[in-house]
$ cat my_file_8.cif   # mmCIF, C-alpha atoms
data_protein
loop_
_atom_site.group_PDB
_atom_site.id
_atom_site.type_symbol
_atom_site.label_atom_id
_atom_site.label_comp_id
_atom_site.auth_asym_id
_atom_site.auth_seq_id
_atom_site.Cartn_x
_atom_site.Cartn_y
_atom_site.Cartn_z
ATOM 1 C CA MET A 1 -89.939 131.031 17.411
ATOM 2 C CA PRO A 2 -90.146 130.171 21.090
ATOM 3 C CA ALA A 3 -88.696 126.793 22.147
ATOM 4 C CA PRO A 4 -91.286 124.076 22.812
ATOM 5 C CA ARG A 5 -92.117 123.523 26.479
ATOM 6 C CA ALA A 6 -91.131 120.177 27.979
ATOM 7 C CA ARG A 7 -94.061 117.970 28.876
ATOM 8 C CA SER A 8 -94.493 117.402 32.578
ATOM 9 C CA VAL A 9 -94.495 113.779 33.758
ATOM 10 C CA PRO A 10 -97.743 112.855 35.537
ATOM 11 C CA ALA A 11 -97.302 112.617 39.283
ATOM 12 C CA ALA A 12 -98.957 109.157 39.401
ATOM 13 C CA LEU A 13 -96.391 107.780 36.956
ATOM 14 C CA VAL A 14 -93.560 109.208 39.021
ATOM 15 C CA ARG A 15 -94.902 107.506 42.162
ATOM 16 C CA LEU A 16 -95.278 104.186 40.299
ATOM 17 C CA LEU A 17 -91.719 104.278 39.001
ATOM 18 C CA ALA A 18 -90.437 105.129 42.466
ATOM 19 C CA LEU A 19 -92.346 102.217 43.957
ATOM 20 C CA LEU A 20 -91.001 99.775 41.370
ATOM 21 C CA PHE A 21 -87.470 101.005 42.002
ATOM 22 C CA LEU A 22 -87.925 100.535 45.743
ATOM 23 C CA LEU A 23 -89.324 97.003 45.344
ATOM 24 C CA GLY A 24 -86.445 96.083 43.070
ATOM 25 C CA GLY A 25 -83.979 97.303 45.650
ATOM 26 C CA LEU A 26 -85.682 95.335 48.410
ATOM 27 C CA ALA A 27 -85.690 92.186 46.321
ATOM 28 C CA GLY A 28 -82.000 92.640 45.616
ATOM 29 C CA CYS A 29 -81.334 92.998 49.328
ATOM 30 C CA GLY A 30 -83.156 89.760 50.069
ATOM 31 C CA PHE A 31 -86.180 91.131 51.924
ATOM 32 C CA LEU A 32 -88.549 89.381 49.501
ATOM 33 C CA GLY A 33 -87.142 85.906 50.081
ATOM 34 C CA GLY A 34 -84.199 86.008 47.679
ATOM 35 C CA ARG A 35 -80.903 84.197 48.054
ATOM 36 C CA ASP A 36 -79.317 86.860 50.245
ATOM 37 C CA ASP A 37 -81.733 86.318 53.125
ATOM 38 C CA LEU A 38 -80.543 82.697 53.411
ATOM 39 C CA GLU A 39 -76.969 83.913 53.615
ATOM 40 C CA ARG A 40 -77.708 86.213 56.539
ATOM 41 C CA MET A 41 -79.819 83.971 58.771
ATOM 42 C CA GLU A 42 -78.362 82.009 61.653
ATOM 43 C CA ALA A 43 -78.793 78.227 61.865
ATOM 44 C CA GLU A 44 -81.943 78.078 63.992
ATOM 45 C CA GLU A 45 -83.543 80.950 62.108
ATOM 46 C CA LEU A 46 -82.862 79.188 58.833
ATOM 47 C CA TYR A 47 -84.270 75.910 60.128
ATOM 48 C CA ALA A 48 -87.415 77.657 61.410
ATOM 49 C CA SER A 49 -87.871 79.268 57.999
ATOM 50 C CA GLY A 50 -87.586 75.863 56.331
ATOM 51 C CA ARG A 51 -90.063 74.296 58.736
ATOM 52 C CA SER A 52 -92.520 77.092 58.072
ATOM 53 C CA ALA A 53 -92.190 76.569 54.325
ATOM 54 C CA MET A 54 -92.590 72.819 54.716
ATOM 55 C CA GLU A 55 -95.685 73.134 56.897
ATOM 56 C CA ASN A 56 -97.242 75.436 54.297
ATOM 57 C CA GLY A 57 -96.564 72.972 51.491
ATOM 58 C CA ALA A 58 -93.808 75.082 49.921
ATOM 59 C CA PHE A 59 -91.453 72.107 49.604
ATOM 60 C CA GLU A 60 -89.226 73.642 46.936
ATOM 61 C CA ARG A 61 -88.526 76.591 49.242
ATOM 62 C CA ALA A 62 -88.067 74.185 52.169
ATOM 63 C CA GLU A 63 -85.577 72.095 50.220
ATOM 64 C CA ARG A 64 -83.551 75.189 49.342
ATOM 65 C CA VAL A 65 -83.512 76.395 52.936
ATOM 66 C CA PHE A 66 -82.529 73.055 54.458
ATOM 67 C CA LYS A 67 -79.731 72.707 51.923
ATOM 68 C CA ALA A 68 -78.522 76.123 53.041
ATOM 69 C CA VAL A 69 -78.498 74.952 56.654
ATOM 70 C CA ASN A 70 -76.395 71.907 55.798
ATOM 71 C CA SER A 71 -74.066 73.958 53.630
ATOM 72 C CA ARG A 72 -73.487 76.828 56.053
ATOM 73 C CA PHE A 73 -73.774 74.929 59.329
ATOM 74 C CA PRO A 74 -72.658 71.331 58.608
ATOM 75 C CA PHE A 75 -72.284 70.380 62.275
ATOM 76 C CA GLY A 76 -74.595 70.445 65.264
ATOM 77 C CA THR A 77 -78.133 69.511 66.169
ATOM 78 C CA THR A 78 -79.662 72.017 63.758
ATOM 79 C CA SER A 79 -77.872 70.419 60.828
ATOM 80 C CA GLU A 80 -79.051 66.994 61.980
ATOM 81 C CA LYS A 81 -82.670 68.158 62.061
ATOM 82 C CA ALA A 82 -82.272 69.869 58.715
ATOM 83 C CA GLN A 83 -81.018 66.688 57.047
ATOM 84 C CA LEU A 84 -84.130 64.767 58.056
ATOM 85 C CA ALA A 85 -86.385 67.626 57.015
ATOM 86 C CA LEU A 86 -84.525 67.886 53.711
ATOM 87 C CA ALA A 87 -85.091 64.184 53.006
ATOM 88 C CA TYR A 88 -88.802 64.590 53.740
ATOM 89 C CA SER A 89 -89.086 67.675 51.513
ATOM 90 C CA GLN A 90 -87.382 65.847 48.656
ATOM 91 C CA TYR A 91 -89.714 62.895 49.182
ATOM 92 C CA ARG A 92 -92.740 65.182 48.926
ATOM 93 C CA LEU A 93 -91.287 66.649 45.731
ATOM 94 C CA SER A 94 -90.993 63.073 44.343
ATOM 95 C CA LYS A 95 -87.223 63.471 44.073
ATOM 96 C CA HIS A 96 -86.787 59.836 44.990
ATOM 97 C CA GLU A 97 -83.085 59.384 44.295
ATOM 98 C CA GLU A 98 -82.138 62.565 46.144
ATOM 99 C CA ALA A 99 -84.410 61.755 49.078
ATOM 100 C CA LEU A 100 -82.926 58.264 49.400
ATOM 101 C CA ALA A 101 -79.399 59.652 49.242
ATOM 102 C CA THR A 102 -80.190 62.183 51.973
ATOM 103 C CA ALA A 103 -81.834 59.565 54.215
ATOM 104 C CA ASP A 104 -78.921 57.164 53.681
ATOM 105 C CA ARG A 105 -76.428 59.883 54.537
ATOM 106 C CA PHE A 106 -78.275 60.552 57.790
ATOM 107 C CA ILE A 107 -78.325 56.848 58.679
ATOM 108 C CA ARG A 108 -74.604 56.490 57.997
ATOM 109 C CA THR A 109 -73.634 59.684 59.801
ATOM 110 C CA TYR A 110 -75.909 59.351 62.842
ATOM 111 C CA PRO A 111 -76.532 55.591 63.368
ATOM 112 C CA THR A 112 -77.479 56.118 67.032
ATOM 113 C CA HIS A 113 -79.500 59.307 66.586
ATOM 114 C CA PRO A 114 -82.845 59.298 68.463
ATOM 115 C CA LYS A 115 -84.662 59.830 65.151
ATOM 116 C CA VAL A 116 -82.732 57.410 62.992
ATOM 117 C CA ASP A 117 -85.840 55.203 63.038
ATOM 118 C CA TYR A 118 -87.620 57.921 61.082
ATOM 119 C CA ALA A 119 -84.865 57.846 58.437
ATOM 120 C CA HIS A 120 -85.436 54.093 57.987
ATOM 121 C CA TYR A 121 -89.194 54.648 57.841
ATOM 122 C CA LEU A 122 -88.739 57.379 55.237
ATOM 123 C CA ARG A 123 -86.614 55.050 53.121
ATOM 124 C CA GLY A 124 -89.491 52.589 53.112
ATOM 125 C CA LEU A 125 -92.004 55.280 52.166
ATOM 126 C CA ILE A 126 -89.867 56.499 49.291
ATOM 127 C CA ASN A 127 -89.519 53.024 47.792
ATOM 128 C CA PHE A 128 -93.143 52.194 48.573
ATOM 129 C CA GLU A 129 -94.316 55.069 46.380
ATOM 130 C CA ARG A 130 -91.417 55.135 43.954
ATOM 131 C CA ASP A 131 -93.216 53.563 40.991
ATOM 132 C CA GLN A 132 -96.393 55.527 41.564
ATOM 133 C CA THR A 133 -97.330 58.074 38.916
ATOM 134 C CA PHE A 134 -100.170 60.564 38.709
ATOM 135 C CA VAL A 135 -102.109 58.137 36.514
ATOM 136 C CA THR A 136 -101.603 55.070 38.719
ATOM 137 C CA SER A 137 -102.651 57.047 41.791
ATOM 138 C CA LEU A 138 -106.017 57.813 40.160
ATOM 139 C CA LEU A 139 -106.846 54.610 38.287
ATOM 140 C CA PRO A 140 -107.521 51.211 39.881
ATOM 141 C CA GLN A 141 -104.588 48.981 39.039
ATOM 142 C CA ASP A 142 -103.329 45.592 40.117
ATOM 143 C CA ALA A 143 -100.079 46.501 41.831
ATOM 144 C CA SER A 144 -98.717 42.985 41.300
ATOM 145 C CA LYS A 145 -98.615 43.596 37.533
ATOM 146 C CA ARG A 146 -95.978 46.301 37.861
ATOM 147 C CA ASP A 147 -92.243 45.872 38.330
ATOM 148 C CA GLN A 148 -91.643 44.728 41.896
ATOM 149 C CA THR A 149 -88.108 46.041 42.436
ATOM 150 C CA SER A 150 -89.181 49.037 44.526
ATOM 151 C CA ASN A 151 -91.757 46.979 46.432
ATOM 152 C CA ARG A 152 -89.112 44.443 47.408
ATOM 153 C CA GLN A 153 -86.812 47.184 48.620
ATOM 154 C CA ALA A 154 -89.631 48.874 50.542
ATOM 155 C CA PHE A 155 -90.441 45.543 52.197
ATOM 156 C CA ARG A 156 -86.792 45.230 53.277
ATOM 157 C CA ASP A 157 -86.695 48.840 54.489
ATOM 158 C CA PHE A 158 -89.815 48.476 56.622
ATOM 159 C CA GLY A 159 -88.568 45.103 57.842
ATOM 160 C CA GLU A 160 -85.310 46.696 58.980
ATOM 161 C CA LEU A 161 -87.254 49.364 60.866
ATOM 162 C CA VAL A 162 -89.504 46.838 62.608
ATOM 163 C CA LYS A 163 -86.552 44.586 63.457
ATOM 164 C CA ARG A 164 -84.271 47.310 64.839
ATOM 165 C CA PHE A 165 -86.920 49.580 66.350
ATOM 166 C CA PRO A 166 -89.956 47.424 67.244
ATOM 167 C CA ASP A 167 -91.289 50.096 69.626
ATOM 168 C CA SER A 168 -90.885 52.987 67.190
ATOM 169 C CA GLN A 169 -93.941 55.162 66.645
ATOM 170 C CA TYR A 170 -93.565 54.376 62.931
ATOM 171 C CA ALA A 171 -93.492 50.583 63.399
ATOM 172 C CA PRO A 172 -97.294 50.021 63.345
ATOM 173 C CA ASP A 173 -97.681 51.750 59.986
ATOM 174 C CA ALA A 174 -94.612 49.932 58.662
ATOM 175 C CA ARG A 175 -96.138 46.578 59.635
ATOM 176 C CA GLU A 176 -99.388 47.395 57.833
ATOM 177 C CA ARG A 177 -97.513 48.344 54.707
ATOM 178 C CA MET A 178 -95.453 45.159 54.950
ATOM 179 C CA VAL A 179 -98.648 43.076 54.885
ATOM 180 C CA TYR A 180 -99.783 44.882 51.759
ATOM 181 C CA LEU A 181 -96.357 44.473 50.161
ATOM 182 C CA ARG A 182 -96.160 40.807 51.154
ATOM 183 C CA ASN A 183 -99.474 40.076 49.449
ATOM 184 C CA THR A 184 -98.539 42.090 46.373
ATOM 185 C CA LEU A 185 -95.195 40.334 46.005
ATOM 186 C CA ALA A 186 -96.831 36.939 46.553
ATOM 187 C CA GLN A 187 -99.410 37.686 43.862
ATOM 188 C CA ALA A 188 -96.682 38.664 41.410
ATOM 189 C CA GLU A 189 -94.970 35.322 42.028
ATOM 190 C CA MET A 190 -98.308 33.544 41.717
ATOM 191 C CA ASP A 191 -98.898 35.093 38.300
ATOM 192 C CA VAL A 192 -95.570 33.679 37.125
ATOM 193 C CA ALA A 193 -96.343 30.252 38.610
ATOM 194 C CA ARG A 194 -99.659 30.126 36.756
ATOM 195 C CA TYR A 195 -97.957 31.172 33.553
ATOM 196 C CA TYR A 196 -95.541 28.250 33.893
ATOM 197 C CA LEU A 197 -98.471 25.979 34.676
ATOM 198 C CA ARG A 198 -100.315 27.015 31.510
ATOM 199 C CA ARG A 199 -97.153 26.478 29.461
ATOM 200 C CA GLY A 200 -96.561 23.024 30.896
ATOM 201 C CA ALA A 201 -93.326 24.154 32.585
ATOM 202 C CA TRP A 202 -93.985 22.005 35.632
ATOM 203 C CA VAL A 203 -90.595 22.436 37.322
ATOM 204 C CA GLY A 204 -90.756 26.222 36.990
ATOM 205 C CA ALA A 205 -94.311 26.267 38.367
ATOM 206 C CA ALA A 206 -93.321 24.117 41.344
ATOM 207 C CA ASN A 207 -90.284 26.279 42.095
ATOM 208 C CA ARG A 208 -92.343 29.475 42.105
ATOM 209 C CA ALA A 209 -95.006 27.897 44.294
ATOM 210 C CA ARG A 210 -92.398 26.728 46.807
ATOM 211 C CA TYR A 211 -90.866 30.206 46.813
ATOM 212 C CA ILE A 212 -94.236 31.675 47.794
ATOM 213 C CA LEU A 213 -94.653 29.160 50.599
ATOM 214 C CA ASP A 214 -91.128 29.760 51.895
ATOM 215 C CA ASN A 215 -91.147 33.559 51.752
ATOM 216 C CA PHE A 216 -94.720 34.807 52.117
ATOM 217 C CA GLN A 217 -96.250 32.887 54.989
ATOM 218 C CA GLY A 218 -99.676 34.266 55.854
ATOM 219 C CA ALA A 219 -100.385 35.649 52.387
ATOM 220 C CA PRO A 220 -103.691 34.540 50.823
ATOM 221 C CA GLN A 221 -101.762 33.260 47.803
ATOM 222 C CA THR A 222 -100.179 30.432 49.790
ATOM 223 C CA HIS A 223 -103.305 28.326 49.271
ATOM 224 C CA ASP A 224 -103.115 28.856 45.519
ATOM 225 C CA ALA A 225 -99.431 27.954 45.668
ATOM 226 C CA LEU A 226 -100.295 24.626 47.282
ATOM 227 C CA ALA A 227 -102.790 23.940 44.494
ATOM 228 C CA VAL A 228 -100.109 24.698 41.909
ATOM 229 C CA LEU A 229 -97.740 22.328 43.689
ATOM 230 C CA VAL A 230 -100.298 19.517 43.615
ATOM 231 C CA GLU A 231 -100.857 19.918 39.884
ATOM 232 C CA ALA A 232 -97.151 20.339 39.041
ATOM 233 C CA TYR A 233 -96.080 17.322 41.116
ATOM 234 C CA ARG A 234 -98.796 15.184 39.538
ATOM 235 C CA GLN A 235 -97.582 16.106 36.092
ATOM 236 C CA LEU A 236 -93.994 15.350 37.092
ATOM 237 C CA GLY A 237 -94.994 11.945 38.445
ATOM 238 C CA GLU A 238 -94.098 12.916 42.019
ATOM 239 C CA THR A 239 -97.121 11.230 43.576
ATOM 240 C CA ASP A 240 -95.980 11.378 47.194
ATOM 241 C CA LEU A 241 -95.130 15.079 46.999
ATOM 242 C CA ALA A 242 -98.434 15.785 45.281
ATOM 243 C CA ASN A 243 -100.372 13.913 47.983
ATOM 244 C CA ASP A 244 -98.484 15.724 50.760
ATOM 245 C CA SER A 245 -99.266 19.115 49.228
ATOM 246 C CA LEU A 246 -102.892 18.104 48.757
ATOM 247 C CA ALA A 247 -103.199 17.092 52.410
ATOM 248 C CA VAL A 248 -101.815 20.442 53.556
ATOM 249 C CA LEU A 249 -104.212 22.281 51.258
ATOM 250 C CA LYS A 250 -107.204 20.309 52.571
ATOM 251 C CA GLN A 251 -106.207 21.046 56.139
ATOM 252 C CA ASN A 252 -105.675 24.788 55.653
ATOM 253 C CA ALA A 253 -108.196 25.674 52.921
ATOM 254 C CA PRO A 254 -110.863 22.972 52.660
ATOM 255 C CA GLU A 255 -113.093 25.251 50.536
ATOM 256 C CA HIS A 256 -110.427 26.054 47.966
ATOM 257 C CA PRO A 257 -111.810 25.822 44.388
ATOM 258 C CA PHE A 258 -109.079 23.348 43.440
ATOM 259 C CA LEU A 259 -110.540 20.844 45.887
ATOM 260 C CA THR A 260 -114.034 21.165 44.450
ATOM 261 C CA GLY A 261 -112.922 20.448 40.905
ATOM 262 C CA ALA A 262 -113.046 24.092 39.777
ATOM 263 C CA PRO A 263 -110.013 25.618 38.022
ATOM 264 C CA ILE A 264 -107.565 27.589 40.103
ATOM 265 C CA GLU A 265 -109.009 31.080 40.387
ATOM 266 C CA GLU A 266 -107.120 34.098 39.231
ATOM 267 C CA ARG A 267 -107.168 35.674 42.657
ATOM 268 C CA GLY A 268 -105.640 39.007 41.690
ATOM 269 C CA PHE A 269 -105.090 41.795 44.170
ATOM 270 C CA PHE A 270 -107.849 44.111 42.994
ATOM 271 C CA GLN A 271 -108.248 47.405 44.750
ATOM 272 C CA LYS A 272 -110.487 50.351 43.991
ATOM 273 C CA LEU A 273 -108.194 52.868 45.601
ATOM 274 C CA TRP A 274 -104.520 53.069 46.466
ATOM 275 C CA PRO A 275 -104.640 52.341 50.196
ATOM 276 C CA PHE A 276 -101.877 54.701 51.254
ATOM 277 C CA GLY A 277 -101.546 58.286 50.116
ATOM 278 C CA LYS A 278 -98.483 60.450 50.489
ATOM 279 C CA SER A 279 -97.468 60.270 54.099
ATOM 280 C CA ASP A 280 -98.056 63.432 56.069
ATOM 281 C CA VAL A 281 -95.658 62.281 58.772
ATOM 282 C CA ALA A 282 -92.898 64.884 58.791
ATOM 283 C CA PRO A 283 -89.793 64.614 60.986
#

$ encode --input "my_file_8.cif" --output "structure tokens"
Amino acid sequence: MPAPRARSVPAALVRLLALLFLLGGLAGCGFLGGRDDLERMEAEELYASGRSAMENGAFERAERVFKAVNSRFPFGTTSEKAQLALAYSQYRLSKHEEALATADRFIRTYPTHPKVDYAHYLRGLINFERDQTFVTSLLPQDASKRDQTSNRQAFRDFGELVKRFPDSQYAPDARERMVYLRNTLAQAEMDVARYYLRRGAWVGAANRARYILDNFQGAPQTHDALAVLVEAYRQLGETDLANDSLAVLKQNAPEHPFLTGAPIEERGFFQKLWPFGKSDVAP
């Protein structure tokens, strides 16, 4: 009996297998964006690759590239630029702790760098948005009801920027955010003061009201704080202090509901939309 003839492999299948083999080899050599390509690039070429990724919204790729710059070329102007860009990429990836650590490292290492103001600004942005989640970014929510730790730190960060670099291009935005944060923090304190007032904790209510007046000048809640002081001092039998607070309230807010006999309004910082989205200001 004659031996069976071997089946011929279709030419199309041969070409497909050859193509797959070729692509696998290219990927292994790094031509498709693998790890090896980062190990071959020079500093400026690496940085340009990271910038391109960042500008196209590929922040994970950008983070990896900028880390490679700092690892392979830890000194020089390219490394300095890469550190700032790395902090921004981590911020956009919501890697808050890592972004803060990178920004802090830049501030410590290059305290006189021409762009150190941006590092301070970025610190403020990170803390400003630190407690934001996907849900809170979509739903209207009273920001004063949330934990205020990050807001306080953001207020300090922006304050440091404005104090040290008043002419920085980032200072105007920082000042606007500070106003928002000031009002939010004041409202959070006001909520506590009213709680003490409802519970009959007159000393606690007075202390919170004074704290608002001492620390948040210009906030709308200062008028409510004066009204709380009047009521708390009256209840404590401090007639002179109550009358002094009442006189200040009449002078600064003659139409306040407290003066017309109406109960102190729950002012609340209601907003339909979060006023500041993710910053598009890259280094």

$ resolve_selection --input "my_file_8.cif" --expression "the PyMOL selection byres ((chain A and resi 46) around 12)" --output "MDAnalysis selection string"
chainID A and resid 33 37:45 47:53 61:73 78:79 81:82

$ resolve_selection --input "my_file_8.cif" --expression "the PyMOL selection byres ((chain A and resi 245) around 8)" --output "list of chain:residue names"
A:Leu226, A:Ala227, A:Leu229, A:Val230, A:Leu241, A:Ala242, A:Asn243, A:Asp244, A:Leu246, A:Ala247, A:Val248, A:Leu249

$ write_last_selection --input "my_file_8.cif" --atoms "C-alpha atoms" --output "PDB file, in the coordinates of the input"
ATOM      1  CA  LEU A 226    -100.295  24.626  47.282  1.00  0.00           C
ATOM      2  CA  ALA A 227    -102.790  23.940  44.494  1.00  0.00           C
ATOM      3  CA  LEU A 229     -97.740  22.328  43.689  1.00  0.00           C
ATOM      4  CA  VAL A 230    -100.298  19.517  43.615  1.00  0.00           C
ATOM      5  CA  LEU A 241     -95.130  15.079  46.999  1.00  0.00           C
ATOM      6  CA  ALA A 242     -98.434  15.785  45.281  1.00  0.00           C
ATOM      7  CA  ASN A 243    -100.372  13.913  47.983  1.00  0.00           C
ATOM      8  CA  ASP A 244     -98.484  15.724  50.760  1.00  0.00           C
ATOM      9  CA  LEU A 246    -102.892  18.104  48.757  1.00  0.00           C
ATOM     10  CA  ALA A 247    -103.199  17.092  52.410  1.00  0.00           C
ATOM     11  CA  VAL A 248    -101.815  20.442  53.556  1.00  0.00           C
ATOM     12  CA  LEU A 249    -104.212  22.281  51.258  1.00  0.00           C
TER      13      LEU A 249
END

$ atom_distance --input "my_file_8.cif" --atom1 "atom CA of A:Asn127" --atom2 "atom CA of A:Asn151"
6.6 Å

$ closest_residue --input "my_file_8.cif" --among "A:Ala232, A:Ala171, A:Leu122, A:Met190" --to "A:Leu213" --atoms "only C-alpha atoms"
A:Met190

$ resolve_selection --input "my_file_8.cif" --expression "the PyMOL selection byres ((chain A and resi 181) around 12)" --output "PyMOL selection string"
chain A and resi 124-125+127-129+143-144+148-159+174-180+182-188+216+219+269+275-276

$ write_last_selection --input "my_file_8.cif" --atoms "C-alpha atoms" --output "PDB file, keeping the file's coordinate frame"
ATOM      1  CA  GLY A 124     -89.491  52.589  53.112  1.00  0.00           C
ATOM      2  CA  LEU A 125     -92.004  55.280  52.166  1.00  0.00           C
ATOM      3  CA  ASN A 127     -89.519  53.024  47.792  1.00  0.00           C
ATOM      4  CA  PHE A 128     -93.143  52.194  48.573  1.00  0.00           C
ATOM      5  CA  GLU A 129     -94.316  55.069  46.380  1.00  0.00           C
ATOM      6  CA  ALA A 143    -100.079  46.501  41.831  1.00  0.00           C
ATOM      7  CA  SER A 144     -98.717  42.985  41.300  1.00  0.00           C
ATOM      8  CA  GLN A 148     -91.643  44.728  41.896  1.00  0.00           C
ATOM      9  CA  THR A 149     -88.108  46.041  42.436  1.00  0.00           C
ATOM     10  CA  SER A 150     -89.181  49.037  44.526  1.00  0.00           C
ATOM     11  CA  ASN A 151     -91.757  46.979  46.432  1.00  0.00           C
ATOM     12  CA  ARG A 152     -89.112  44.443  47.408  1.00  0.00           C
ATOM     13  CA  GLN A 153     -86.812  47.184  48.620  1.00  0.00           C
ATOM     14  CA  ALA A 154     -89.631  48.874  50.542  1.00  0.00           C
ATOM     15  CA  PHE A 155     -90.441  45.543  52.197  1.00  0.00           C
ATOM     16  CA  ARG A 156     -86.792  45.230  53.277  1.00  0.00           C
ATOM     17  CA  ASP A 157     -86.695  48.840  54.489  1.00  0.00           C
ATOM     18  CA  PHE A 158     -89.815  48.476  56.622  1.00  0.00           C
ATOM     19  CA  GLY A 159     -88.568  45.103  57.842  1.00  0.00           C
ATOM     20  CA  ALA A 174     -94.612  49.932  58.662  1.00  0.00           C
ATOM     21  CA  ARG A 175     -96.138  46.578  59.635  1.00  0.00           C
ATOM     22  CA  GLU A 176     -99.388  47.395  57.833  1.00  0.00           C
ATOM     23  CA  ARG A 177     -97.513  48.344  54.707  1.00  0.00           C
ATOM     24  CA  MET A 178     -95.453  45.159  54.950  1.00  0.00           C
ATOM     25  CA  VAL A 179     -98.648  43.076  54.885  1.00  0.00           C
ATOM     26  CA  TYR A 180     -99.783  44.882  51.759  1.00  0.00           C
ATOM     27  CA  ARG A 182     -96.160  40.807  51.154  1.00  0.00           C
ATOM     28  CA  ASN A 183     -99.474  40.076  49.449  1.00  0.00           C
ATOM     29  CA  THR A 184     -98.539  42.090  46.373  1.00  0.00           C
ATOM     30  CA  LEU A 185     -95.195  40.334  46.005  1.00  0.00           C
ATOM     31  CA  ALA A 186     -96.831  36.939  46.553  1.00  0.00           C
ATOM     32  CA  GLN A 187     -99.410  37.686  43.862  1.00  0.00           C
ATOM     33  CA  ALA A 188     -96.682  38.664  41.410  1.00  0.00           C
ATOM     34  CA  PHE A 216     -94.720  34.807  52.117  1.00  0.00           C
ATOM     35  CA  ALA A 219    -100.385  35.649  52.387  1.00  0.00           C
ATOM     36  CA  PHE A 269    -105.090  41.795  44.170  1.00  0.00           C
ATOM     37  CA  PRO A 275    -104.640  52.341  50.196  1.00  0.00           C
ATOM     38  CA  PHE A 276    -101.877  54.701  51.254  1.00  0.00           C
TER      39      PHE A 276
END

$ closest_residue --input "my_file_8.cif" --among "A:Thr102, A:Asp167, A:Asp224, A:Val162" --to "A:Arg194" --atoms "all atoms listed in the file"
A:Asp224

$ atom_distance --input "my_file_8.cif" --atom1 "atom CA of A:Gly57" --atom2 "atom CA of A:Pro283"
14.3 Å

$ atom_distance --input "my_file_8.cif" --atom1 "atom CA of A:Tyr91" --atom2 "atom CA of A:Glu55"
14.1 Å

$ closest_residue --input "my_file_8.cif" --among "A:Ala87, A:Lys95, A:Asn56, A:His223" --to "A:Phe258" --atoms "only C-alpha atoms"
A:His223

$ closest_residue --input "my_file_8.cif" --among "A:Asn252, A:Gln217, A:Leu259, A:Val203" --to "A:Gly237" --atoms "all atoms listed in the file"
A:Val203

$ decode --input "my_file_8.cif" --residues "stretch 169-182 of chain A" --atoms "N, CA and C atoms" --output "tab-separated table (two decimals), in the first residue's frame"
chain	number	residue	atom	x	y	z
A	169	GLN	N	1.70	82.77	37.90
A	169	GLN	CA	0.56	82.63	36.99
A	169	GLN	C	-0.54	81.75	37.59
A	170	TYR	N	-0.19	80.98	38.64
A	170	TYR	CA	-1.17	80.11	39.27
A	170	TYR	C	-1.86	80.78	40.46
A	171	ALA	N	-1.36	81.95	40.88
A	171	ALA	CA	-1.90	82.63	42.06
A	171	ALA	C	-3.37	83.03	41.91
A	172	PRO	N	-3.81	83.56	40.76
A	172	PRO	CA	-5.23	83.95	40.65
A	172	PRO	C	-6.18	82.77	40.88
A	173	ASP	N	-5.88	81.63	40.27
A	173	ASP	CA	-6.74	80.47	40.47
A	173	ASP	C	-6.67	80.00	41.92
A	174	ALA	N	-5.49	80.05	42.52
A	174	ALA	CA	-5.34	79.65	43.91
A	174	ALA	C	-6.19	80.54	44.82
A	175	ARG	N	-6.23	81.83	44.54
A	175	ARG	CA	-7.02	82.74	45.37
A	175	ARG	C	-8.51	82.42	45.25
A	176	GLU	N	-8.98	82.12	44.05
A	176	GLU	CA	-10.38	81.77	43.87
A	176	GLU	C	-10.73	80.50	44.64
A	177	ARG	N	-9.86	79.54	44.59
A	177	ARG	CA	-10.11	78.30	45.31
A	177	ARG	C	-10.06	78.53	46.81
A	178	MET	N	-9.21	79.44	47.25
A	178	MET	CA	-9.15	79.75	48.68
A	178	MET	C	-10.45	80.37	49.19
A	179	VAL	N	-11.09	81.19	48.37
A	179	VAL	CA	-12.38	81.77	48.75
A	179	VAL	C	-13.41	80.66	48.93
A	180	TYR	N	-13.45	79.75	47.97
A	180	TYR	CA	-14.38	78.63	48.05
A	180	TYR	C	-14.09	77.80	49.30
A	181	LEU	N	-12.81	77.50	49.54
A	181	LEU	CA	-12.44	76.69	50.69
A	181	LEU	C	-12.74	77.43	51.99
A	182	ARG	N	-12.47	78.72	52.03
A	182	ARG	CA	-12.77	79.51	53.23
A	182	ARG	C	-14.25	79.40	53.59
